[in-house]
Every structure is written in C-alpha cells, then in structure tokens.
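Asker: Got data34.txt for you, compact mmCIF, C-alpha atoms and all ligand atoms:
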```txt
# COMPACT_ATOMS: atom_id res chain seq x y z
CA MET A 1 95.31 -245.52 -14.58
CA ASN A 2 98.94 -245.54 -13.65
CA ARG A 3 98.55 -245.50 -9.92
CA LYS A 4 100.32 -248.73 -9.15
CA SER A 5 103.48 -247.98 -11.04
CA THR A 6 105.48 -247.13 -7.92
CA GLU A 7 108.71 -248.98 -7.32
CA VAL A 8 108.34 -252.50 -6.03
CA GLY A 9 111.76 -253.37 -4.74
CA GLY A 10 112.87 -256.72 -3.45
CA ARG A 11 109.93 -257.60 -1.23
CA THR A 12 107.47 -258.69 -3.89
CA VAL A 13 107.83 -262.40 -3.39
CA VAL A 14 107.44 -262.21 0.37
CA SER A 15 104.37 -259.96 0.11
CA VAL A 16 102.51 -262.19 -2.32
CA ALA A 17 103.29 -265.26 -0.22
CA LEU A 18 102.07 -263.48 2.89
CA LEU A 19 98.87 -262.35 1.19
CA GLY A 20 98.18 -265.87 0.01
CA ALA A 21 98.62 -267.19 3.53
CA LEU A 22 96.28 -264.58 5.03
CA VAL A 23 93.55 -265.12 2.48
CA GLY A 24 93.79 -268.86 2.80
CA ALA A 25 93.61 -268.79 6.59
CA ALA A 26 90.64 -266.43 6.95
CA PRO A 27 87.51 -268.31 8.06
CA ARG A 28 84.41 -267.29 6.09
CA PRO A 29 81.46 -269.32 7.37
CA HIS A 30 78.82 -267.15 5.65
CA PRO A 31 80.33 -265.74 2.50
CA ASP A 32 77.00 -264.38 1.31
CA ALA A 33 75.99 -262.49 4.46
CA PRO A 34 76.19 -258.71 3.89
CA SER A 35 79.12 -257.06 5.62
CA HIS A 36 79.32 -253.63 7.20
CA VAL A 37 82.51 -251.63 7.32
CA SER A 38 82.87 -248.24 8.96
CA ALA A 39 85.35 -245.82 7.45
CA LYS A 40 86.68 -242.67 9.07
CA LEU A 41 88.30 -239.95 6.95
CA SER A 42 90.56 -237.29 8.41
CA GLU A 43 93.76 -235.38 7.57
CA TRP A 44 95.54 -237.44 6.39
CA LYS A 45 94.31 -240.98 6.84
CA VAL A 46 91.56 -243.45 6.02
CA GLU A 47 90.68 -245.81 8.89
CA LEU A 48 88.53 -248.89 8.38
CA SER A 49 86.75 -250.73 11.21
CA GLN A 50 88.21 -253.98 9.89
CA ALA A 51 90.98 -254.96 7.51
CA SER A 52 89.09 -257.84 5.89
CA VAL A 53 85.52 -258.90 5.07
CA GLY A 54 83.82 -261.81 3.34
CA ALA A 55 82.99 -261.67 -0.34
CA GLY A 56 79.57 -260.41 -1.35
CA THR A 57 77.63 -257.29 -0.46
CA VAL A 58 79.61 -254.80 1.60
CA THR A 59 78.12 -251.57 2.91
CA PHE A 60 80.59 -248.85 3.87
CA THR A 61 79.45 -246.16 6.27
CA ILE A 62 81.88 -243.31 5.78
CA THR A 63 82.31 -240.39 8.16
CA ASN A 64 84.41 -237.34 7.41
CA ALA A 65 85.94 -236.57 10.80
CA GLY A 66 88.35 -234.07 9.25
CA SER A 67 88.21 -230.33 8.77
CA ILE A 68 88.08 -230.17 4.96
CA PRO A 69 86.01 -232.11 2.39
CA HIS A 70 87.17 -235.62 1.56
CA GLY A 71 86.02 -238.41 -0.72
CA PHE A 72 86.01 -242.20 -0.62
CA GLU A 73 87.04 -244.59 -3.36
CA VAL A 74 87.29 -248.38 -3.51
CA GLU A 75 89.41 -249.73 -6.34
CA GLY A 76 90.48 -253.24 -7.32
CA GLN A 77 89.37 -256.44 -9.05
CA GLY A 78 88.10 -254.38 -11.98
CA ILE A 79 85.89 -252.06 -9.94
CA GLU A 80 86.40 -248.40 -9.17
CA LYS A 81 83.59 -246.76 -7.20
CA GLU A 82 83.67 -243.50 -5.34
CA ILE A 83 81.82 -240.92 -3.36
CA GLU A 84 83.32 -237.75 -4.72
CA ARG A 85 82.79 -235.43 -1.74
CA ILE A 86 81.78 -235.74 1.89
CA GLN A 87 81.73 -232.47 3.81
CA PRO A 88 83.47 -232.20 7.22
CA GLY A 89 81.24 -233.75 9.89
CA ALA A 90 78.98 -235.48 7.35
CA SER A 91 78.50 -239.19 6.65
CA ASP A 92 77.54 -241.20 3.58
CA THR A 93 77.18 -244.84 2.59
CA LEU A 94 78.42 -246.88 -0.35
CA THR A 95 77.23 -250.43 -1.04
CA LEU A 96 79.30 -252.62 -3.34
CA THR A 97 79.45 -256.26 -4.35
CA LEU A 98 83.03 -257.33 -3.84
CA LYS A 99 84.82 -260.38 -5.18
CA PRO A 100 87.71 -261.92 -3.25
CA GLY A 101 90.95 -260.00 -3.50
CA THR A 102 92.65 -256.90 -2.19
CA TYR A 103 91.16 -253.47 -2.72
CA GLU A 104 92.69 -250.07 -2.42
CA VAL A 105 90.59 -247.67 -0.34
CA TYR A 106 91.51 -244.01 -0.57
CA CYS A 107 90.47 -240.38 -0.79
CA PRO A 108 90.28 -239.29 -4.44
CA VAL A 109 90.21 -235.55 -3.72
CA GLY A 110 92.85 -233.38 -5.38
CA GLU A 111 93.90 -235.86 -8.10
CA ASP A 112 95.64 -238.11 -5.56
CA SER A 113 97.18 -235.34 -3.48
CA HIS A 114 95.16 -236.44 -0.43
CA LYS A 115 96.10 -240.06 -1.16
CA LYS A 116 99.73 -239.12 -1.36
CA LEU A 117 99.51 -237.38 1.99
CA GLY A 118 98.47 -240.69 3.55
CA MET A 119 94.75 -241.08 2.87
CA GLU A 120 94.86 -244.65 1.64
CA THR A 121 94.51 -248.11 3.09
CA HIS A 122 93.58 -251.60 1.93
CA LEU A 123 90.66 -253.96 2.38
CA LYS A 124 91.00 -257.69 1.92
CA VAL A 125 87.97 -259.55 0.71
CA ALA A 126 88.13 -263.27 1.34
CA GLY A 127 85.87 -265.91 -0.21
CA ALA A 128 85.29 -269.63 -0.03
CA THR A 129 87.48 -269.95 -3.08
CA SER A 130 90.51 -267.74 -2.94
CA SER A 131 92.20 -268.93 -6.10
CA GLY A 132 91.66 -265.60 -7.84
CA SER A 133 93.37 -263.49 -5.24
CA ALA A 134 97.00 -264.50 -5.58
CA GLY A 135 97.36 -262.60 -8.82
CA TYR A 136 96.19 -259.37 -7.24
CA GLY A 137 99.02 -258.65 -4.91
CA GLY A 138 99.53 -255.17 -6.36
CA SER A 139 98.27 -253.28 -3.38
CA GLU A 140 100.27 -255.38 -0.99
CA MET A 141 103.40 -254.83 -2.99
CA ARG A 142 102.69 -251.17 -2.92
CA GLU A 143 102.29 -251.25 0.82
CA SER A 144 105.68 -252.83 1.30
CA SER A 145 107.27 -250.34 -1.04
CA ARG A 146 105.67 -247.62 1.08
CA GLY A 147 107.14 -249.21 4.17
CA GLU A 148 110.52 -249.03 2.55
CA ARG A 149 109.96 -245.43 1.58
CA LEU A 150 109.36 -244.49 5.21
CA ALA A 151 112.77 -245.79 6.17
CA LYS A 152 114.55 -244.25 3.19
CA VAL A 153 115.77 -240.66 3.44
CA GLN A 154 114.97 -238.57 0.42
CA ALA A 155 116.74 -235.29 -0.16
CA ILE A 156 116.75 -232.46 -2.63
CA ARG A 157 119.14 -229.56 -3.25
CA VAL A 158 117.66 -226.47 -4.84
CA THR A 159 119.63 -223.64 -6.44
CA SER A 160 118.03 -220.34 -7.43
CA GLY A 161 118.31 -218.97 -10.94
CA GLY A 162 116.74 -216.65 -13.50
CA PRO A 163 114.91 -213.38 -12.92
CA VAL A 164 114.36 -212.44 -9.26
CA ILE A 165 111.08 -210.74 -8.40
CA GLN A 166 109.54 -209.40 -5.22
CA ILE A 167 105.81 -209.85 -4.96
CA LEU A 168 104.05 -206.93 -3.32
CA PRO A 169 100.52 -206.87 -1.88
CA GLY A 170 97.68 -206.75 -4.38
CA PRO A 171 94.50 -208.51 -5.48
CA PHE A 172 94.54 -212.20 -6.44
CA PRO A 173 93.92 -212.39 -10.21
CA PHE A 174 91.65 -215.49 -10.18
CA PRO A 175 89.05 -214.68 -7.48
CA ASP A 176 86.20 -216.49 -9.26
CA SER A 177 88.18 -219.73 -9.56
CA ALA A 178 89.26 -219.65 -5.92
CA ALA A 179 85.89 -218.64 -4.44
CA PRO A 180 84.16 -222.09 -4.41
CA ILE A 181 87.26 -223.74 -2.95
CA LEU A 182 87.56 -221.12 -0.22
CA GLN A 183 84.07 -222.13 0.95
CA ALA A 184 85.65 -225.29 2.35
CA PHE A 185 88.20 -223.53 4.51
CA GLY A 186 86.09 -223.03 7.65
CA ASP A 187 87.74 -220.84 10.27
CA GLU A 188 90.49 -219.72 7.93
CA ARG A 189 88.16 -218.57 5.20
CA GLU A 190 87.92 -214.99 6.41
CA GLY A 191 91.67 -214.48 6.45
CA LEU A 192 92.04 -216.03 3.01
CA GLU A 193 89.22 -213.93 1.59
CA SER A 194 90.93 -210.77 2.75
CA GLN A 195 94.06 -212.01 0.95
CA VAL A 196 92.01 -212.32 -2.24
CA LYS A 197 91.44 -208.56 -2.08
CA ASN A 198 94.92 -207.58 -1.01
CA GLY A 199 97.54 -210.21 -0.31
CA PRO A 200 100.80 -211.83 -1.30
CA TYR A 201 99.43 -213.65 -4.38
CA SER A 202 99.24 -210.67 -6.70
CA ASN A 203 100.45 -209.35 -10.02
CA ASN A 204 102.10 -206.42 -8.24
CA VAL A 205 105.71 -207.32 -8.89
CA ALA A 206 109.04 -205.48 -8.53
CA ARG A 207 112.41 -206.62 -9.88
CA SER A 208 114.84 -207.74 -7.21
CA SER A 209 118.21 -209.44 -6.98
CA GLY A 210 119.82 -212.13 -4.87
CA SER A 211 120.28 -215.86 -4.46
CA PHE A 212 118.85 -218.76 -2.49
CA THR A 213 120.22 -222.26 -2.06
CA PHE A 214 118.92 -224.95 0.27
CA THR A 215 118.88 -228.67 0.93
CA ALA A 216 115.85 -230.44 2.41
CA TRP A 217 115.61 -233.96 3.79
CA ASP A 218 112.39 -235.96 3.96
CA LYS A 219 112.95 -238.41 6.81
CA GLY A 220 109.39 -239.00 7.96
CA ALA A 221 106.86 -237.00 9.92
CA THR A 222 108.96 -235.48 12.70
CA ARG A 223 112.57 -235.85 11.59
CA ASP A 224 112.60 -233.76 8.42
CA SER A 225 115.31 -231.16 8.19
CA VAL A 226 116.48 -228.23 6.11
CA ASP A 227 119.61 -226.19 5.64
CA GLY A 228 119.90 -223.10 3.48
CA LEU A 229 120.73 -219.46 2.93
CA ALA A 230 118.90 -216.71 1.05
CA GLU A 231 120.23 -213.21 0.44
CA PHE A 232 118.30 -210.64 -1.53
CA THR A 233 117.71 -206.93 -1.94
CA THR A 234 114.16 -205.63 -1.95
CA GLN A 235 112.61 -202.77 -3.92
CA ASP A 236 113.34 -200.27 -1.11
CA GLY A 237 117.07 -201.09 -1.22
CA ALA A 238 117.09 -203.13 2.02
CA ARG A 239 119.42 -206.14 2.13
CA TRP A 240 117.84 -209.22 3.67
CA LYS A 241 119.48 -212.44 4.78
CA LEU A 242 117.67 -215.59 5.87
CA VAL A 243 119.38 -218.58 7.45
CA LEU A 244 117.07 -221.58 7.49
CA ASP A 245 117.15 -223.29 10.87
CA ARG A 246 114.58 -226.05 11.31
CA VAL A 247 111.50 -227.48 9.65
CA GLN A 248 108.15 -226.45 11.06
CA THR A 249 105.97 -229.51 11.50
CA LYS A 250 102.91 -228.14 13.30
CA ASP A 251 100.69 -225.06 13.40
CA VAL A 252 101.28 -224.49 9.72
CA PRO A 253 99.01 -221.80 8.21
CA HIS A 254 96.07 -223.03 6.09
CA HIS A 255 96.37 -226.61 7.36
CA PRO A 256 97.12 -227.24 11.00
CA ARG A 257 98.09 -230.87 10.49
CA PHE A 258 100.28 -230.44 7.47
CA GLY A 259 103.96 -229.80 7.87
CA GLY A 260 107.41 -231.08 7.23
CA VAL A 261 109.19 -231.57 3.95
CA ILE A 262 106.98 -232.78 1.10
CA LEU A 263 108.62 -233.99 -2.07
CA GLY A 264 106.64 -234.19 -5.30
CA LEU A 265 103.08 -233.10 -4.59
CA TYR A 266 100.28 -231.87 -6.81
CA TYR A 267 98.42 -229.23 -4.86
CA HIS A 268 97.08 -225.71 -4.27
CA GLY A 269 94.51 -224.24 -6.64
CA ALA A 270 91.62 -226.63 -7.22
CA THR A 271 93.05 -229.51 -5.16
CA GLN A 272 91.77 -228.30 -1.77
CA VAL A 273 95.25 -228.84 -0.32
CA HIS A 274 96.67 -225.59 1.04
CA THR A 275 95.59 -222.17 -0.07
CA PRO A 276 93.82 -221.90 -3.45
CA LEU A 277 95.40 -218.45 -3.81
CA VAL A 278 98.33 -220.22 -5.41
CA PRO A 279 97.27 -221.74 -8.76
CA THR A 280 97.14 -225.53 -9.12
CA ILE A 281 100.75 -226.68 -9.39
CA ASN A 282 103.14 -229.56 -9.08
CA SER A 283 105.99 -229.09 -6.67
CA ALA A 284 109.36 -230.79 -6.49
CA VAL A 285 109.63 -229.77 -2.83
CA ALA A 286 107.57 -227.75 -0.39
CA LEU A 287 108.23 -227.03 3.25
CA TRP A 288 107.55 -224.73 6.16
CA ALA A 289 110.53 -223.78 8.29
CA PHE A 290 111.78 -221.38 10.94
CA GLY A 291 114.73 -219.18 10.13
CA HIS A 292 116.99 -216.40 11.38
CA LEU A 293 116.18 -213.19 9.51
CA TYR A 294 118.52 -210.21 9.17
CA LYS A 295 117.87 -206.81 7.58
CA ASN A 296 120.94 -204.73 6.68
CA ASP A 297 123.00 -207.05 8.93
CA GLN A 298 120.74 -206.50 11.97
CA LEU A 299 118.90 -209.49 13.41
CA VAL A 300 115.14 -209.10 12.95
CA THR A 301 114.02 -212.44 14.41
CA ASP A 302 115.24 -215.96 15.14
CA ASN A 303 111.76 -217.33 14.48
CA ALA A 304 110.81 -216.09 11.03
CA MET A 305 108.17 -218.36 9.51
CA VAL A 306 109.27 -219.43 6.08
CA HIS A 307 107.46 -221.18 3.24
CA VAL A 308 109.64 -222.55 0.48
CA MET A 309 108.43 -224.26 -2.66
CA LEU A 310 109.97 -225.25 -6.00
CA LEU A 311 106.96 -225.49 -8.28
CA SER A 312 105.53 -225.36 -11.77
CA ARG A 313 106.07 -221.95 -13.28
CA THR A 314 103.03 -219.79 -12.45
CA ARG A 315 104.24 -216.43 -13.81
CA ARG A 316 104.91 -215.33 -17.36
CA ASP A 317 108.06 -213.67 -18.68
CA GLY A 318 108.04 -209.90 -19.03
CA ASP A 319 105.70 -208.56 -16.37
CA PHE A 320 105.73 -211.74 -14.22
CA ALA A 321 101.96 -211.69 -13.76
CA LEU A 322 100.27 -214.95 -12.69
CA ALA A 323 99.63 -216.63 -16.04
CA CYS A 324 97.41 -219.62 -15.23
CA TRP A 325 94.90 -220.97 -12.72
CA ASP A 326 96.02 -224.53 -13.50
CA CYS A 327 99.78 -224.34 -14.00
CA SER A 328 100.47 -227.98 -13.17
CA LYS A 329 101.81 -228.84 -16.66
CA ASN A 330 104.41 -226.07 -16.63
CA LYS A 331 108.10 -226.74 -16.00
CA ILE A 332 109.00 -227.01 -12.32
CA GLU A 333 111.48 -224.15 -12.03
CA GLU A 334 109.84 -221.39 -9.99
CA LEU A 335 111.40 -221.08 -6.54
CA GLN A 336 109.16 -219.25 -4.07
CA LEU A 337 110.39 -217.91 -0.75
CA GLN A 338 107.79 -216.43 1.55
CA ILE A 339 108.81 -215.00 4.93
CA LEU A 340 106.40 -214.04 7.71
CA PRO A 341 107.08 -212.84 11.26
CA GLY A 342 107.36 -215.49 13.98
CA PRO A 343 104.30 -216.38 16.10
CA GLY A 344 103.25 -213.30 18.11
CA GLU A 345 105.83 -211.03 16.49
CA PRO A 346 105.11 -207.69 14.76
CA LYS A 347 104.79 -207.48 10.98
CA LEU A 348 108.00 -207.32 8.99
CA ASP A 349 109.16 -203.88 7.88
CA ALA A 350 108.18 -204.46 4.25
CA PRO A 351 105.07 -203.72 2.15
CA GLY A 352 102.18 -205.79 3.57
CA GLY A 353 104.39 -206.95 6.46
CA PHE A 354 105.76 -209.94 4.54
CA LEU A 355 108.57 -210.82 2.16
CA PHE A 356 107.82 -212.84 -0.94
CA VAL A 357 110.59 -213.40 -3.47
CA ASN A 358 110.60 -215.68 -6.54
CA TRP A 359 113.49 -216.99 -8.61
CA GLU A 360 111.84 -217.87 -11.91
CA LYS A 361 114.34 -220.32 -13.44
CA SER A 362 115.68 -222.41 -10.58
CA SER A 363 116.82 -226.00 -10.55
CA SER A 364 117.08 -229.00 -8.26
CA ARG A 365 119.09 -232.16 -7.95
CA LYS A 366 119.70 -234.99 -5.55
CA PRO A 367 122.49 -233.93 -3.20
CA ALA A 368 125.64 -236.03 -3.04
CA SER A 369 125.29 -238.21 0.03
CU CU A 401 90.75 -236.27 1.31
```
Would you kindly transcribe this structure into structure tokens?
Ligand SMILES: [Cu+2]
Answerer:
Amino acid sequence: MNRKSTEVGGRTVVSVALLGALVGAAPRPHPDAPSHVSAKLSEWKVELSQASVGAGTVTFTITNAGSIPHGFEVEGQGIEKEIERIQPGASDTLTLTLKPGTYEVYCPVGEDSHKKLGMETHLKVAGATSSGSAGYGGSEMRESSRGERLAKVQAIRVTSGGPVIQILPGPFPFPDSAAPILQAFGDEREGLESQVKNGPYSNNVARSSGSFTFTAWDKGATRDSVDGLAEFTTQDGARWKLVLDRVQTKDVPHHPRFGGVILGLYYHGATQVHTPLVPTINSAVALWAFGHLYKNDQLVTDNAMVHVMLLSRTRRDGDFALACWDCSKNKIEELQLQILPGPGEPKLDAPGGFLFVNWEKSSSRKPAS
C-alpha cells in the first residue's frame, strides 16, 4: 500500500498542528452514540454530509449520483473497508466501528484512477481521548500537498519517434474483454458497440510517415493549454497538417465531465475510465483539444476534435497489431493522435471518416520553463 507516498512539501508541521487543534476542540458529548454519514458519489468527487463524527459505530449511506459505476472505501487507523461497486442511481450502506483519527474516503474503482480524478475526501473521527490521532496526520499532509499541486503548473513536452502507423477501421481484437465493461456505458454503449465491430481500435494498420511535437500544461480544471504541430502522410498519399489550438474541457466523447490535460493516469481497458476499446494502459499525458486541420495545404476545419495520448505501448513490432488487453506495464512510448471532425461537421475524407496515427517510440520531458 503505497498510496500516501506523494510529496509532502513544507506544510507538514502546520497541517499536523492544525489537525491536533481541530480534534482537540471538537465536542463529543456522546462518543458511543451511532453516527450516520451520507455519502454522494459522482464524476469526479466524493461528498460527505459531514467532515467529522464521533468515535464508535458509523453507518455510511452511499448514493451513486453519477453516470458510471463507483465504489466506496474507508481507509485509515489500520482499517480498509470497501463496497466494490455501486451502480449509477443505486445506494448501499456500510457500517464500521471507527477509532479516533483521520480516514481517507475514496472511490476504489480503476485501481485509483477514479481517486486520482478527484474522488477522495477525508473524515475525521474524534473521541473523548484524542491522544492517538496526532500521529495520523498522513491524510492531512496529503491534502495540503494536493492544495499545492493545484497551484503548481505541470507541463510536458512530447516528441514523436519510431515507426509511424495509420490505424484504419476494423474490428476490436478483444471484444470479450471489453463487453462487460461496455455494459456500464449507458447512452454511449450503442456507439461503442458499433466501434467494436468496425472502428478505430483495430489491427488494420498501414505504414505512414511524419512527425508530431507538442507541449501541454496542466494548470487546473479550466486553464489547461496545449501547443503543437503534427504533419503526416496517410496511406492514400494525402498530406495532413494539424495545428493544436486549445484544450477541450467539456463535451468530451465517452465521458461528458472529463476533459483538460491529464498527466499520469492509469485508465482505459478494465478501469471503467474512458473507452474500454483501448487496452488498460498508463499514460504520461492525455488530452482532448481543438485544432486547425489542413489536407494538402487546404484548410479542412478550424474545429477538428483531437485526442492525444502518450501511453504504454499497446502494439507489437512487425505488424503493429494490438498485443495486450492489459498493457499497463509496458514502456510509455506510444504516441496516439486521433482526429475527428468538429461538432456538426461532415466526416473527414479518410477511411472511416477519422484519422488515427501512432508514433510507436516517442518520448517526453519536462519543458524548459
Ligand atoms: Cu468511481
């Protein structure tokens, strides 16, 4: 369990002192009376009806108010209890006996990918004797390091390399693995199921050529930005140029409330985050953006919808077929560029109406600031 190994920074002392003060000040006239806490799960947060309760029996009533399945886990003071899955619209309860201290409360779905997207909070449990709690400031420290992270700009510069391939429409090679996960996708399921039969996640691959370089900045929910240029030649000999313009932060396909620049996320495949028609992977960076698209020097659209991801290698050398359903342990060096027409625009003049190009041995670094 390495979850608390995030950077701590200089605020540790302040946080522990603050926690001690809060625990000490909380009045607990009936420490043994059972407590009730309501929890609401949604994309991407966990909301509790109260931030602190008295020690003893605590019953959580958890409602999934989101649009995909979520779970609920309480961890701290040596306990780790969870409800693995709660379907959208459903509720469940969890009753625990909690000692004084701070507990982490989060969604365990997708091996922490939901947690990383924001589905975590904390619960303080206060008792008549609070002497045990001062040593358990871990969660609080983590919270302050998160606070710091929000203010800090993170950036990544990605440079394409290795074989360039164009992915053409075809069947998804792992339909049985994806099928149970697709069940959870509600309204979007139909569209995704048609992509299983014939879509952009296939083994139908043609060699291509070109380059792609971009820089992305993670500055918080609405201020992310991106800058980059891709130029490549497709199988039919057409020369395409894409100038990345701005990050798309809403109305993102497969997850309406998921956008912006995401650095370092474990997702796709079995995680229930984004389409399971990409195998389970780790990504160094993923983003949706709008761009200016040119074909043979003619402007096609100023609103091309672009998905960019530098991820664990999913394709093997030679024929570049998808090689794994869980590729998350592979080296992060596959750069995917997927281009779709802008909202309301006609399909692109390419097989399947989309452009999907991979650079199989790409690299990233922190840009010079
Ligand atoms: Cu979740």
Asker: Which residues come within 7 Å of Val109 of chain A, counting only C-alpha atoms, excluding same-chain residues fewer than 5 positions away, as a PyMOL selection string?
Answerer: chain A and resi 70-71+114+271
Asker: Nearest residue to ligand CU 401 (chain A) out of A:Ala230, A:Ala65, A:Ala179, A:Leu48, using only C-alpha atoms and all ligand atoms?
Answerer: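 Ranking A:Ala230, A:Ala65, A:Ala179, A:Leu48 by distance to ligand CU 401 (chain A), first place goes to A:Ala65.
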Asker: Using all atoms listed in the file, which of A:Leu322, A:Leu355, A:Val273, A:Cys327 sits nearest Ser208 of chain A?
Answerer: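 Once distances to Ser208 of chain A are computed over all atoms listed in the file, the minimum belongs to A:Leu355.
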Asker: Could you tell me, counting all atoms listed in the file, which protein and nucleic acid residues lie no more than 12 Å from ligand CU 401 (chain A), written as a ChimeraX atom specification?
Answerer: /A:40-46,63-73,83-88,105-120,271-273
Asker: Taking C-alpha atoms for each residue, export the selection above as an mmCIF file, in the frame of the given file.
Answerer:
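Done, and the output landed in out04.cif:
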```cif
data_model
loop_
_atom_site.group_PDB
_atom_site.id
_atom_site.type_symbol
_atom_site.label_atom_id
_atom_site.label_comp_id
_atom_site.auth_asym_id
_atom_site.auth_seq_id
_atom_site.Cartn_x
_atom_site.Cartn_y
_atom_site.Cartn_z
ATOM 1 C CA LYS A 40 86.680 -242.670 9.070
ATOM 2 C CA LEU A 41 88.300 -239.950 6.950
ATOM 3 C CA SER A 42 90.560 -237.290 8.410
ATOM 4 C CA GLU A 43 93.760 -235.380 7.570
ATOM 5 C CA TRP A 44 95.540 -237.440 6.390
ATOM 6 C CA LYS A 45 94.310 -240.980 6.840
ATOM 7 C CA VAL A 46 91.560 -243.450 6.020
ATOM 8 C CA THR A 63 82.310 -240.390 8.160
ATOM 9 C CA ASN A 64 84.410 -237.340 7.410
ATOM 10 C CA ALA A 65 85.940 -236.570 10.800
ATOM 11 C CA GLY A 66 88.350 -234.070 9.250
ATOM 12 C CA SER A 67 88.210 -230.330 8.770
ATOM 13 C CA ILE A 68 88.080 -230.170 4.960
ATOM 14 C CA PRO A 69 86.010 -232.110 2.390
ATOM 15 C CA HIS A 70 87.170 -235.620 1.560
ATOM 16 C CA GLY A 71 86.020 -238.410 -0.720
ATOM 17 C CA PHE A 72 86.010 -242.200 -0.620
ATOM 18 C CA GLU A 73 87.040 -244.590 -3.360
ATOM 19 C CA ILE A 83 81.820 -240.920 -3.360
ATOM 20 C CA GLU A 84 83.320 -237.750 -4.720
ATOM 21 C CA ARG A 85 82.790 -235.430 -1.740
ATOM 22 C CA ILE A 86 81.780 -235.740 1.890
ATOM 23 C CA GLN A 87 81.730 -232.470 3.810
ATOM 24 C CA PRO A 88 83.470 -232.200 7.220
ATOM 25 C CA VAL A 105 90.590 -247.670 -0.340
ATOM 26 C CA TYR A 106 91.510 -244.010 -0.570
ATOM 27 C CA CYS A 107 90.470 -240.380 -0.790
ATOM 28 C CA PRO A 108 90.280 -239.290 -4.440
ATOM 29 C CA VAL A 109 90.210 -235.550 -3.720
ATOM 30 C CA GLY A 110 92.850 -233.380 -5.380
ATOM 31 C CA GLU A 111 93.900 -235.860 -8.100
ATOM 32 C CA ASP A 112 95.640 -238.110 -5.560
ATOM 33 C CA SER A 113 97.180 -235.340 -3.480
ATOM 34 C CA HIS A 114 95.160 -236.440 -0.430
ATOM 35 C CA LYS A 115 96.100 -240.060 -1.160
ATOM 36 C CA LYS A 116 99.730 -239.120 -1.360
ATOM 37 C CA LEU A 117 99.510 -237.380 1.990
ATOM 38 C CA GLY A 118 98.470 -240.690 3.550
ATOM 39 C CA MET A 119 94.750 -241.080 2.870
ATOM 40 C CA GLU A 120 94.860 -244.650 1.640
ATOM 41 C CA THR A 271 93.050 -229.510 -5.160
ATOM 42 C CA GLN A 272 91.770 -228.300 -1.770
ATOM 43 C CA VAL A 273 95.250 -228.840 -0.320
#
```
Asker: Quick one: of A:Pro351, A:Pro200, A:Gly291, A:Pro173, who's nearest to Trp325 of chain A, counting all atoms listed in the file?
Answerer: A:Pro173
Asker: Between atom CA of Val261 of chain A and atom CA of Thr233 of chain A, what is the distance in Å, rounded to a tenth?
Answerer: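 Computing it gives 26.7 Å between the two atoms.
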Asker: Using all atoms listed in the file, find the one residue out of A:Ala238, A:Leu168, A:Val58, A:Val247 that sits nearest to Val308 of chain A.
Answerer: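 Selected residue with least distance to Val308 of chain A: A:Val247.
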Asker: Would you work out the distance separating atom CA of Leu242 of chain A from atom CA of Gly199 of chain A, expressed in Å to one decimal?
Answerer: 21.7 Å
Asker: State, in Å with one decimal place, the distance from atom CA of Val205 of chain A to atom CA of Gln166 of chain A.
Answerer: 5.7 Å
Asker: Which is closest to Thr280 of chain A among A:Lys295, A:Arg189, A:Arg313, A:Arg239, if we use all atoms listed in the file?
Answerer: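 Of all the options, A:Arg313 lies closest to Thr280 of chain A.
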Asker: What's around segment 302-305 of chain A at 12 Å? Count only C-alpha atoms, leave out sequence neighbours fewer than 3 positions away in its own chain, and write the answer as a ChimeraX atom specification.
Answerer: /A:241-253,287-294,298-299,308,337-348,354-356
Asker: Given the choices A:Ser160, A:Asn296, A:Asn204, A:Thr314, which gets closest to Lys331 of chain A if the distance is worked out from all atoms listed in the file?
Answerer: A:Thr314
Asker: Can you tell me, as a list in words, what residues are no more than 7 Å from Leu98 of chain A when counting all atoms listed in the file, ignoring any on the same chain fewer than 2 positions away?
Answerer: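 The residues that qualify are Ala55, Gly56, Thr57, Val58, Leu96 and Pro100 of chain A.
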Asker: Would you list the contacts of Asn330 of chain A as a list in words, taking every protein, DNA or RNA residue within 12 Å and counting only C-alpha atoms, but skipping same-chain residues closer than 5 positions in sequence?
Answerer: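 Those residues are Pro279, Thr280, Ile281, Asn282, Ser283, Leu311, Ser312, Arg313, Thr314, Arg315, Arg316, Ala323, Cys324, Trp325 and Lys361 of chain A.
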